[in-house]
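Okay, start-v3.cif is below, mmCIF, C-alpha atoms:
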data_coords
loop_
_atom_site.label_atom_id
_atom_site.label_comp_id
_atom_site.auth_asym_id
_atom_site.auth_seq_id
_atom_site.Cartn_x
_atom_site.Cartn_y
_atom_site.Cartn_z
CA MET A 733 0.00 0.00 0.00
CA THR A 734 2.82 2.47 0.76
CA ALA A 735 4.60 1.86 -2.59
CA ALA A 736 1.60 2.95 -4.72
CA ARG A 737 1.38 6.52 -3.32
CA PRO A 738 4.59 7.90 -4.91
CA LEU A 739 3.47 6.53 -8.25
CA ARG A 740 0.12 8.36 -8.04
CA ARG A 741 1.89 11.60 -7.05
CA ARG A 742 4.13 11.37 -10.11
CA SER A 743 1.09 10.81 -12.34
CA ARG A 744 -0.68 13.90 -10.95
CA ALA A 745 2.53 15.97 -11.54
CA TRP A 746 2.55 15.07 -15.23
CA ILE A 747 -1.08 16.08 -15.52
CA PHE A 748 -0.26 19.46 -13.92
CA TRP A 749 2.56 20.16 -16.36
CA LEU A 750 0.36 19.15 -19.29
CA VAL A 751 -2.38 21.59 -18.24
CA ALA A 752 0.20 24.38 -17.81
CA LEU A 753 1.61 23.74 -21.28
CA ILE A 754 -1.86 23.87 -22.85
CA ALA A 755 -2.64 27.13 -21.03
CA LEU A 756 0.64 28.65 -22.20
CA ALA A 757 -0.07 27.65 -25.80
CA GLY A 758 -3.56 29.16 -25.61
CA GLY A 759 -2.19 32.44 -24.25
CA GLY A 760 0.34 32.60 -27.08
CA ALA A 761 -2.37 32.04 -29.63
CA ARG A 762 -4.49 34.80 -28.13
CA ALA A 763 -1.50 37.13 -28.11
CA PHE A 764 -0.82 36.33 -31.75
CA ARG A 765 -4.47 36.98 -32.64
CA ASN A 766 -4.43 40.28 -30.77
CA ARG A 767 -1.21 41.29 -32.47
CA SER A 768 -2.69 40.48 -35.90
CA LYS A 769 -5.56 42.87 -35.12
CA THR A 770 -3.24 45.87 -34.63
CA THR A 771 -4.86 48.97 -36.14
CA LEU A 772 -3.37 50.61 -39.24
CA ARG A 773 -2.18 54.21 -39.11
CA VAL A 774 -3.66 56.17 -42.01
CA ARG A 775 -3.96 59.77 -43.01
CA THR A 776 -7.43 61.14 -43.46
CA ALA A 777 -9.07 64.26 -44.80
CA ALA A 778 -12.45 65.74 -44.07
CA VAL A 779 -15.08 66.09 -46.78
CA THR A 780 -15.47 69.86 -47.21
CA VAL A 781 -17.77 72.29 -48.97
CA GLY A 782 -16.02 74.79 -51.20
CA ARG A 783 -14.97 75.82 -54.67
CA VAL A 784 -13.87 73.28 -57.26
CA ARG A 785 -12.33 74.34 -60.54
CA ASP A 786 -12.24 72.44 -63.83
CA LEU A 787 -8.74 72.78 -65.24
CA VAL A 788 -7.25 71.97 -68.64
CA SER A 789 -3.50 71.44 -68.45
CA SER A 790 -0.83 71.93 -71.09
CA VAL A 791 0.52 68.77 -72.73
CA ALA A 792 4.15 69.90 -72.46
CA SER A 793 6.17 72.62 -70.80
CA GLY A 794 6.03 75.97 -72.54
CA ARG A 795 8.39 78.92 -72.54
CA VAL A 796 8.39 82.31 -70.87
CA ALA A 797 8.81 84.82 -73.69
CA ALA A 798 9.22 88.58 -73.92
CA ARG A 799 6.93 91.07 -75.60
CA ARG A 800 9.50 91.43 -78.39
CA GLU A 801 12.64 89.45 -79.04
CA ALA A 802 15.22 89.99 -81.75
CA SER A 803 18.41 88.26 -82.83
CA ILE A 804 20.58 90.95 -84.42
CA ARG A 805 22.76 89.58 -87.22
CA ALA A 806 25.64 91.10 -89.16
CA GLU A 807 24.67 92.83 -92.41
CA ILE A 808 28.23 93.40 -93.63
CA ALA A 809 31.60 91.70 -93.46
CA GLY A 810 34.08 93.51 -91.25
CA ARG A 811 36.08 93.70 -88.05
CA VAL A 812 34.30 94.60 -84.82
CA LEU A 813 35.83 97.78 -83.41
CA MET A 814 33.64 98.14 -80.28
CA LEU A 815 30.98 96.13 -78.45
CA HIS A 816 28.99 98.80 -76.63
CA HIS A 817 26.86 96.62 -74.31
CA ARG A 818 27.21 93.33 -72.49
CA ARG A 819 24.67 90.73 -71.36
CA GLY A 820 22.11 92.03 -68.88
CA GLU A 821 22.52 95.71 -69.77
CA ARG A 822 19.58 97.82 -70.91
CA VAL A 823 19.59 99.70 -74.21
CA THR A 824 17.24 102.24 -75.77
CA ALA A 825 15.99 102.32 -79.36
CA GLY A 826 18.67 103.69 -81.70
CA GLU A 827 21.50 103.21 -79.23
CA PRO A 828 24.72 101.69 -80.71
CA LEU A 829 25.27 98.01 -80.04
CA VAL A 830 28.28 97.19 -82.23
CA THR A 831 30.65 99.47 -84.17
CA TYR A 832 32.73 98.15 -87.07
CA ASP A 833 36.09 99.36 -88.31
CA THR A 834 34.82 101.22 -91.40
CA GLY A 835 38.18 102.47 -92.72
CA ASP A 836 38.08 100.09 -95.68
CA LEU A 837 34.43 100.94 -96.34
CA ARG A 838 35.16 104.68 -96.42
CA THR A 839 37.93 104.02 -98.93
CA ARG A 840 35.37 102.25 -101.10
CA VAL A 841 33.12 105.29 -100.87
CA ARG A 842 35.89 107.58 -102.09
CA ALA A 843 36.73 105.20 -104.95
CA ALA A 844 33.08 105.07 -105.99
CA GLU A 845 32.79 108.86 -105.86
CA THR A 846 35.92 109.15 -108.03
CA ALA A 847 34.40 106.75 -110.56
CA VAL A 848 31.28 108.94 -110.72
CA ALA A 849 33.38 112.04 -111.35
CA LEU A 850 35.20 110.22 -114.16
CA ALA A 851 31.89 109.10 -115.65
CA ARG A 852 30.62 112.70 -115.66
CA ALA A 853 33.78 113.86 -117.47
CA GLN A 854 33.24 111.12 -120.02
CA ILE A 855 29.67 112.29 -120.48
CA ALA A 856 30.82 115.83 -121.20
CA GLN A 857 33.44 114.59 -123.65
CA SER A 858 31.07 112.25 -125.46
CA GLU A 859 28.37 114.92 -125.64
CA ALA A 860 30.82 117.33 -127.27
CA SER A 861 31.92 114.65 -129.76
CA ALA A 862 28.33 113.75 -130.50
CA LEU A 863 27.48 117.42 -131.13
CA VAL A 864 30.31 117.76 -133.69
CA ALA A 865 29.37 114.48 -135.34
CA GLU A 866 25.70 115.49 -135.60
CA ARG A 867 26.62 118.83 -137.19
CA ASN A 868 28.92 117.17 -139.73
CA ALA A 869 26.26 114.63 -140.59
CA ALA A 870 23.61 117.34 -141.03
CA ARG A 871 25.88 119.39 -143.32
CA ALA A 872 26.79 116.35 -145.40
CA ARG A 873 23.14 115.43 -145.74
CA VAL A 874 22.33 118.86 -147.17
CA LEU A 875 25.29 118.77 -149.55
CA SER A 876 24.40 115.25 -150.61
CA GLU A 877 20.91 116.38 -151.52
CA ARG A 878 22.53 119.06 -153.71
CA GLU A 879 24.90 116.42 -155.08
CA ALA A 880 27.85 118.48 -153.81
CA VAL A 881 29.27 115.48 -151.90
CA PRO A 882 28.91 111.77 -152.52
CA ARG A 883 25.98 110.10 -150.83
CA ALA A 884 28.29 107.49 -149.28
CA GLU A 885 30.22 110.17 -147.45
CA ALA A 886 27.02 111.63 -146.05
CA GLU A 887 25.92 108.18 -144.88
CA THR A 888 29.30 107.61 -143.19
CA LEU A 889 29.02 110.87 -141.27
CA ALA A 890 25.47 109.98 -140.21
CA GLY A 891 26.75 106.66 -138.85
CA GLN A 892 29.47 108.41 -136.92
CA ALA A 893 26.87 110.72 -135.38
CA GLU A 894 24.81 107.70 -134.29
CA VAL A 895 27.86 106.10 -132.68
CA ALA A 896 28.62 109.33 -130.83
CA ALA A 897 25.05 109.51 -129.52
CA ARG A 898 25.33 105.93 -128.25
CA ALA A 899 28.59 106.84 -126.53
CA VAL A 900 26.76 109.62 -124.70
CA ALA A 901 24.09 107.15 -123.54
CA ALA A 902 26.77 104.72 -122.35
CA ALA A 903 28.57 107.46 -120.44
CA ARG A 904 25.34 108.47 -118.74
CA ALA A 905 24.63 104.84 -117.78
CA GLY A 906 28.15 104.66 -116.37
CA GLU A 907 27.37 107.67 -114.22
CA LEU A 908 24.18 106.05 -112.92
CA GLN A 909 26.05 102.85 -112.06
CA GLY A 910 28.78 104.84 -110.32
CA SER A 911 26.19 106.78 -108.31
CA ALA A 912 24.58 103.49 -107.24
CA ASN A 913 27.98 102.18 -106.15
CA VAL A 914 28.48 105.33 -104.09
CA GLN A 915 25.14 104.78 -102.36
CA VAL A 916 25.96 101.12 -101.66
CA ALA A 917 29.31 102.09 -100.17
CA ARG A 918 27.72 104.82 -98.06
CA ASP A 919 25.03 102.38 -96.82
CA ALA A 920 27.77 99.94 -95.86
CA VAL A 921 29.45 102.68 -93.84
CA ALA A 922 26.11 103.49 -92.19
CA ARG A 923 25.68 99.80 -91.30
CA GLY A 924 29.07 99.94 -89.67
CA VAL A 925 27.20 101.00 -86.53
CA VAL A 926 24.58 98.44 -85.45
CA ARG A 927 21.81 100.05 -83.39
CA ALA A 928 19.07 98.69 -81.13
CA PRO A 929 15.69 98.50 -82.91
CA PHE A 930 13.72 98.98 -79.65
CA ASP A 931 14.16 99.46 -75.91
CA ALA A 932 15.39 96.14 -74.58
CA VAL A 933 17.70 94.11 -72.38
CA VAL A 934 20.76 92.46 -73.90
CA VAL A 935 20.08 88.73 -73.47
CA SER A 936 23.34 87.52 -75.00
CA THR A 937 26.25 88.60 -77.21
CA HIS A 938 28.01 86.47 -79.83
CA VAL A 939 30.90 88.69 -80.97
CA GLU A 940 33.97 90.22 -79.37
CA GLU A 941 36.03 93.28 -80.20
CA GLY A 942 38.54 92.50 -82.92
CA GLU A 943 36.50 89.62 -84.32
CA VAL A 944 35.79 89.55 -88.06
CA THR A 945 32.17 88.73 -88.91
CA ALA A 946 30.50 87.52 -92.08
CA PRO A 947 27.08 88.69 -93.27
CA GLY A 948 24.36 86.80 -91.40
CA ALA A 949 26.49 85.95 -88.36
CA PRO A 950 24.63 86.32 -84.99
CA MET A 951 25.79 89.30 -82.94
CA VAL A 952 23.39 90.33 -80.16
CA VAL A 953 20.08 88.95 -78.83
CA LEU A 954 17.64 91.51 -77.40
CA ALA A 955 14.39 91.14 -75.44
CA ASP A 956 11.80 93.71 -74.45
CA THR A 957 10.99 92.43 -70.95
CA THR A 958 8.49 95.14 -70.05
CA GLU A 959 5.80 92.52 -70.63
CA LEU A 960 6.16 88.75 -70.42
CA HIS A 961 3.91 85.89 -71.53
CA VAL A 962 3.97 82.11 -71.83
CA ASP A 963 3.70 80.21 -75.11
CA VAL A 964 2.55 76.64 -74.50
CA ASP A 965 0.81 73.75 -76.30
CA PHE A 966 -2.52 72.14 -75.41
CA ASP A 967 -4.03 68.94 -76.73
CA GLU A 968 -6.21 69.39 -79.81
CA ALA A 969 -9.04 67.63 -77.95
CA ASP A 970 -9.22 70.50 -75.43
CA LEU A 971 -9.41 73.26 -78.05
CA GLY A 972 -13.20 73.47 -77.80
CA ARG A 973 -12.98 74.23 -74.07
CA ILE A 974 -10.37 76.99 -74.29
CA ALA A 975 -11.23 80.58 -75.16
CA VAL A 976 -9.50 83.94 -75.09
CA GLY A 977 -10.10 85.65 -71.76
CA LEU A 978 -10.25 82.52 -69.59
CA ALA A 979 -8.17 82.61 -66.41
CA THR A 980 -4.86 80.75 -66.33
CA GLU A 981 -2.39 79.65 -63.69
CA THR A 982 1.27 79.18 -64.55
CA THR A 983 3.78 77.12 -62.59
CA LEU A 984 7.54 77.31 -63.02
CA ASP A 985 10.18 74.74 -62.14
CA ALA A 986 12.22 77.50 -60.53
CA PHE A 987 9.47 78.44 -58.04
CA LEU A 988 7.82 75.24 -56.87
CA GLY A 989 4.57 75.79 -55.02
CA GLU A 990 3.90 79.22 -56.54
CA ARG A 991 1.18 79.83 -59.12
CA PHE A 992 1.16 82.92 -61.33
CA SER A 993 -2.30 84.12 -62.42
CA GLY A 994 -3.04 85.34 -65.93
CA THR A 995 -5.45 84.99 -68.85
CA VAL A 996 -5.52 83.41 -72.29
CA THR A 997 -4.60 86.26 -74.65
CA GLU A 998 -4.16 84.41 -77.94
CA ILE A 999 -4.96 81.05 -79.55
CA ALA A 1000 -2.98 79.95 -82.59
CA PRO A 1001 -4.99 79.87 -85.86
CA ALA A 1002 -3.66 76.42 -86.78
CA VAL A 1003 -3.14 73.03 -85.15
CA THR A 1004 0.34 71.52 -85.38
CA GLN A 1005 1.36 67.87 -85.57
CA ASP A 1006 4.56 66.37 -84.16
CA LEU A 1007 6.57 63.42 -85.50
CA ARG A 1008 4.44 60.96 -83.49
CA GLY A 1009 1.21 62.24 -84.98
CA ASN A 1010 0.07 64.07 -81.84
CA ARG A 1011 -1.84 67.25 -82.61
CA ALA A 1012 -1.66 70.33 -80.43
CA VAL A 1013 -2.66 73.98 -80.47
CA SER A 1014 -0.46 76.73 -79.11
CA ILE A 1015 -1.87 79.37 -76.80
CA ARG A 1016 -0.40 82.49 -75.26
CA ALA A 1017 -1.07 83.23 -71.59
CA SER A 1018 -0.26 86.46 -69.81
CA ILE A 1019 1.88 86.41 -66.70
CA PRO A 1020 2.33 89.16 -64.09
CA ARG A 1021 5.53 91.19 -63.94
CA ASP A 1022 8.00 89.71 -61.49
CA ALA A 1023 11.67 90.58 -61.23
CA ARG A 1024 12.49 86.91 -60.69
CA LEU A 1025 11.15 85.79 -64.06
CA ARG A 1026 13.56 85.22 -66.93
CA VAL A 1027 13.00 84.85 -70.66
CA GLY A 1028 13.31 81.21 -71.67
CA MET A 1029 12.09 79.66 -68.40
CA SER A 1030 10.06 76.46 -68.75
CA ALA A 1031 6.45 76.83 -67.66
CA ASP A 1032 3.29 74.73 -67.34
CA VAL A 1033 -0.12 76.32 -67.71
CA ASP A 1034 -3.58 75.36 -66.44
CA VAL A 1035 -6.63 77.01 -68.00
CA VAL A 1036 -9.63 77.39 -65.68
CA VAL A 1037 -12.53 76.37 -67.92
CA ALA A 1038 -15.23 76.11 -65.22
CA THR A 1039 -15.75 76.89 -61.53
CA ARG A 1040 -18.34 75.50 -59.10
CA ASP A 1041 -18.90 77.00 -55.67
CA THR A 1042 -20.16 75.39 -52.45
CA VAL A 1043 -19.88 71.78 -53.57
CA LEU A 1044 -18.71 68.72 -51.62
CA ASN A 1045 -15.14 67.78 -52.47
CA VAL A 1046 -12.30 65.52 -51.36
CA PRO A 1047 -8.60 65.36 -52.22
CA PRO A 1048 -7.90 63.40 -55.42
CA THR A 1049 -5.63 61.02 -53.45
CA ALA A 1050 -8.72 59.73 -51.60
CA VAL A 1051 -10.57 58.48 -54.68
CA MET A 1052 -10.19 54.95 -56.05
CA GLY A 1053 -11.26 53.56 -59.41
CA ARG A 1054 -12.00 55.22 -62.72
CA GLY A 1055 -14.93 56.12 -64.92
CA THR A 1056 -18.23 55.51 -63.16
CA ASP A 1057 -16.69 53.05 -60.66
CA ARG A 1058 -15.37 55.45 -58.01
CA ALA A 1059 -15.10 54.86 -54.27
CA VAL A 1060 -13.40 56.04 -51.09
CA TYR A 1061 -12.49 54.48 -47.75
CA LEU A 1062 -14.77 56.16 -45.21
CA VAL A 1063 -13.72 56.04 -41.54
CA GLU A 1064 -16.58 55.10 -39.22
CA GLY A 1065 -15.98 54.26 -35.55
CA GLY A 1066 -12.31 53.49 -36.08
CA VAL A 1067 -12.98 51.15 -39.02
CA VAL A 1068 -12.72 51.86 -42.75
CA ARG A 1069 -15.65 51.13 -45.02
CA ARG A 1070 -15.50 51.16 -48.80
CA ARG A 1071 -18.05 53.74 -49.93
CA PRO A 1072 -19.06 54.08 -53.63
CA ILE A 1073 -19.39 57.70 -54.76
CA ASP A 1074 -20.40 59.73 -57.82
CA VAL A 1075 -18.02 62.47 -58.92
CA GLY A 1076 -18.23 65.65 -60.96
CA ILE A 1077 -15.24 67.87 -61.72
CA THR A 1078 -12.01 65.96 -61.19
CA THR A 1079 -8.63 67.73 -61.14
CA TRP A 1080 -5.31 67.48 -59.33
CA GLU A 1081 -6.68 70.05 -56.84
CA ALA A 1082 -9.90 68.36 -55.72
CA VAL A 1083 -12.65 65.95 -56.75
CA GLU A 1084 -16.27 67.07 -56.64
CA VAL A 1085 -18.52 64.51 -54.90
CA THR A 1086 -22.14 64.50 -56.07
CA ARG A 1087 -23.34 61.42 -54.13
CA GLY A 1088 -22.17 59.13 -51.37
CA LEU A 1089 -20.63 61.45 -48.75
CA ARG A 1090 -21.57 64.23 -46.35
CA ALA A 1091 -19.67 67.28 -45.21
CA GLY A 1092 -17.45 66.40 -42.27
CA ASP A 1093 -16.98 62.72 -43.20
CA HIS A 1094 -13.41 61.52 -42.95
CA VAL A 1095 -11.87 59.63 -45.86
CA VAL A 1096 -8.50 57.91 -46.14
CA VAL A 1097 -5.96 59.68 -48.39
CA THR A 1098 -3.10 57.18 -47.97
CA LEU A 1099 -4.52 54.41 -50.12
CA ASN A 1100 -1.12 52.73 -50.51
CA VAL A 1101 -0.95 51.61 -46.85
CA GLU A 1102 -0.30 47.85 -46.76
CA GLY A 1103 -3.25 45.84 -45.47
CA LEU A 1104 -5.84 48.57 -46.05
CA ALA A 1105 -9.18 46.97 -46.87
CA ASP A 1106 -12.86 47.18 -46.08
CA GLY A 1107 -13.49 46.53 -42.38
CA VAL A 1108 -9.93 47.09 -41.19
CA ALA A 1109 -9.44 49.00 -37.93
CA VAL A 1110 -7.45 52.22 -38.35
CA THR A 1111 -5.97 55.07 -36.36
CA GLU A 1112 -6.48 58.44 -38.03
CA ARG A 1113 -3.82 61.03 -38.62
CA PRO A 1114 -5.73 64.05 -40.01
CA GLU A 1115 -4.10 66.06 -42.81
CA ASN A 1116 -3.96 69.88 -42.63
CA GLY A 1117 -5.94 70.11 -39.44
CA GLY A 1118 -8.74 67.83 -40.47
CA ARG A 1119 -8.40 67.89 -44.24
#
What does this structure look like when you write it as structure tokens?
Amino acid sequence: MTAARPLRRRSRAWIFWLVALIALAGGGARAFRNRSKTTLRVRTAAVTVGRVRDLVSSVASGRVAARREASIRAEIAGRVLMLHHRRGERVTAGEPLVTYDTGDLRTRVRAAETAVALARAQIAQSEASALVAERNAARARVLSEREAVPRAEAETLAGQAEVAARAVAAARAGELQGSANVQVARDAVARGVVRAPFDAVVVSTHVEEGEVTAPGAPMVVLADTTELHVDVDFDEADLGRIAVGLATETTLDAFLGERFSGTVTEIAPAVTQDLRGNRAVSIRASIPRDARLRVGMSADVDVVVATRDTVLNVPPTAVMGRGTDRAVYLVEGGVVRRRPIDVGITTWEAVEVTRGLRAGDHVVVTLNVEGLADGVAVTERPENGGR
């Protein structure tokens, strides 16, 4: 009887350890299940009532351009004597930009004037010879009629008179040609000083003092920066929605986050086609004066084609789907619910909601959070104080 008691005690000890192991396993499973139900942290925005704008965006970056731009090119061949202005300097209309060494050109003027003087002397000489020849021919003609001189002699003198008259005409033509050469040489001297065609800023220079230029070579680029605008292309499909006078907003790579207001001032009369077959129409948008702006900057333009006030809207990052299948994740009691919605105007600024939400509802804007799905518990992190 005494030997059986230790055996029963050992049996009860194994049962105790078995129960403890089962309890430990159950606790671990519960802990794992609780850990798997950890709430997701998401950013949310409130559904608001406000203004939504319908925007049409340019298909490619445009260019900030000046009211007037000009690339001044050389009209004559010559050596640059003086470059009057450098890049960034302002010039007024008529002010010298480049002066050539015109010594050789002035020599050509004097040579041409000398040729004209010689031609005039030749005219006088040929006129005198023609006068004598005409008189001799007239006298011989009279005497020939009286048979005092042979008819052949009279005809010879008449021919000489004709030749003399032609010599006078040739001398006069030589004078006209010489006078034209004088004017050409004088014009070349006048073009030896290149002047600004309008008030402008020197954008760039392409010559240096002492450099010899050929006709057509670029010299100075000017821009009238008193008024700037943006030239940019829009898709042909949007042409029917764009009109002169509509408001525009321009963004520049140099000033991220800033938007410059303006209007559509001009629409090109023709549609262009690129090498890929894409068709676009160019528009011109005004831009306010700003000392920071530079000619040639890249710019993107949005045209405001419609505006709706006091409508429900959400950030575009909150909307899922496309076409008529649109939805958001609505937060209700710490859980997200997929809510189908109808939308109106849709832009990068906001999406108009016409059905499915109420003002003040909170929707998830971080749709890329891993594990986000209908019925998942979430912790909100409001954007922009509730938006």
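Nearest to Thr1086 in chain A of all the residues A:Leu960, A:Ala847, A:Ser861, A:Val781 is A:Val781, counting only C-alpha atoms.
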Check which residues satisfy the PyMOL selection byres ((chain A and resi 793-803) around 10) in the file shown, then give them as a PyMOL selection string.
chain A and resi 790-792+804-805+928-937+950-966+982-985+1014-1019+1025-1033
Would you pick out the contacts of Arg1069 in chain A at 6 Å or less, using all atoms listed in the file, so that residues sharing its chain but fewer than 6 positions from it are not included, and give the list as a ChimeraX atom specification?
/A:1061-1062,1106-1107
Could you tell me, as a list in words, exactly which residues end up selected when the PyMOL selection byres ((chain A and resi 1059) around 8) is applied to this structure?
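Against this file, the PyMOL selection byres ((chain A and resi 1059) around 8) returns the residues Val1051, Met1052, Gly1053, Asp1057, Arg1058, Val1060, Tyr1061, Arg1070, Arg1071, Pro1072 and Ile1073 of chain A.
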Calculate how many Å separate CA of Ala851 in chain A from CA of Gly910 in chain A, rounding to one decimal.
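According to the coordinates, CA of Ala851 in chain A and CA of Gly910 in chain A are separated by 7.5 Å.
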Apply the PyMOL selection byres ((chain A and resi 1081) around 12) to the file shown and report the selected residues as a list in words.
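Checked against the file, the PyMOL selection byres ((chain A and resi 1081) around 12) matches Gly782, Arg783, Val784, Arg785, Asp786, Leu787, Val788, Asp1034, Val1036, Asn1045, Val1046, Pro1047, Pro1048, Thr1049, Ala1050, Ile1077, Thr1078, Thr1079, Trp1080, Ala1082, Val1083 and Glu1084 of chain A.
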Taking only C-alpha atoms into account, which of A:Glu940, A:Asp967, A:Glu907, A:Asp1041 comes nearest Ile855 in chain A?
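Closest candidate: A:Glu907.
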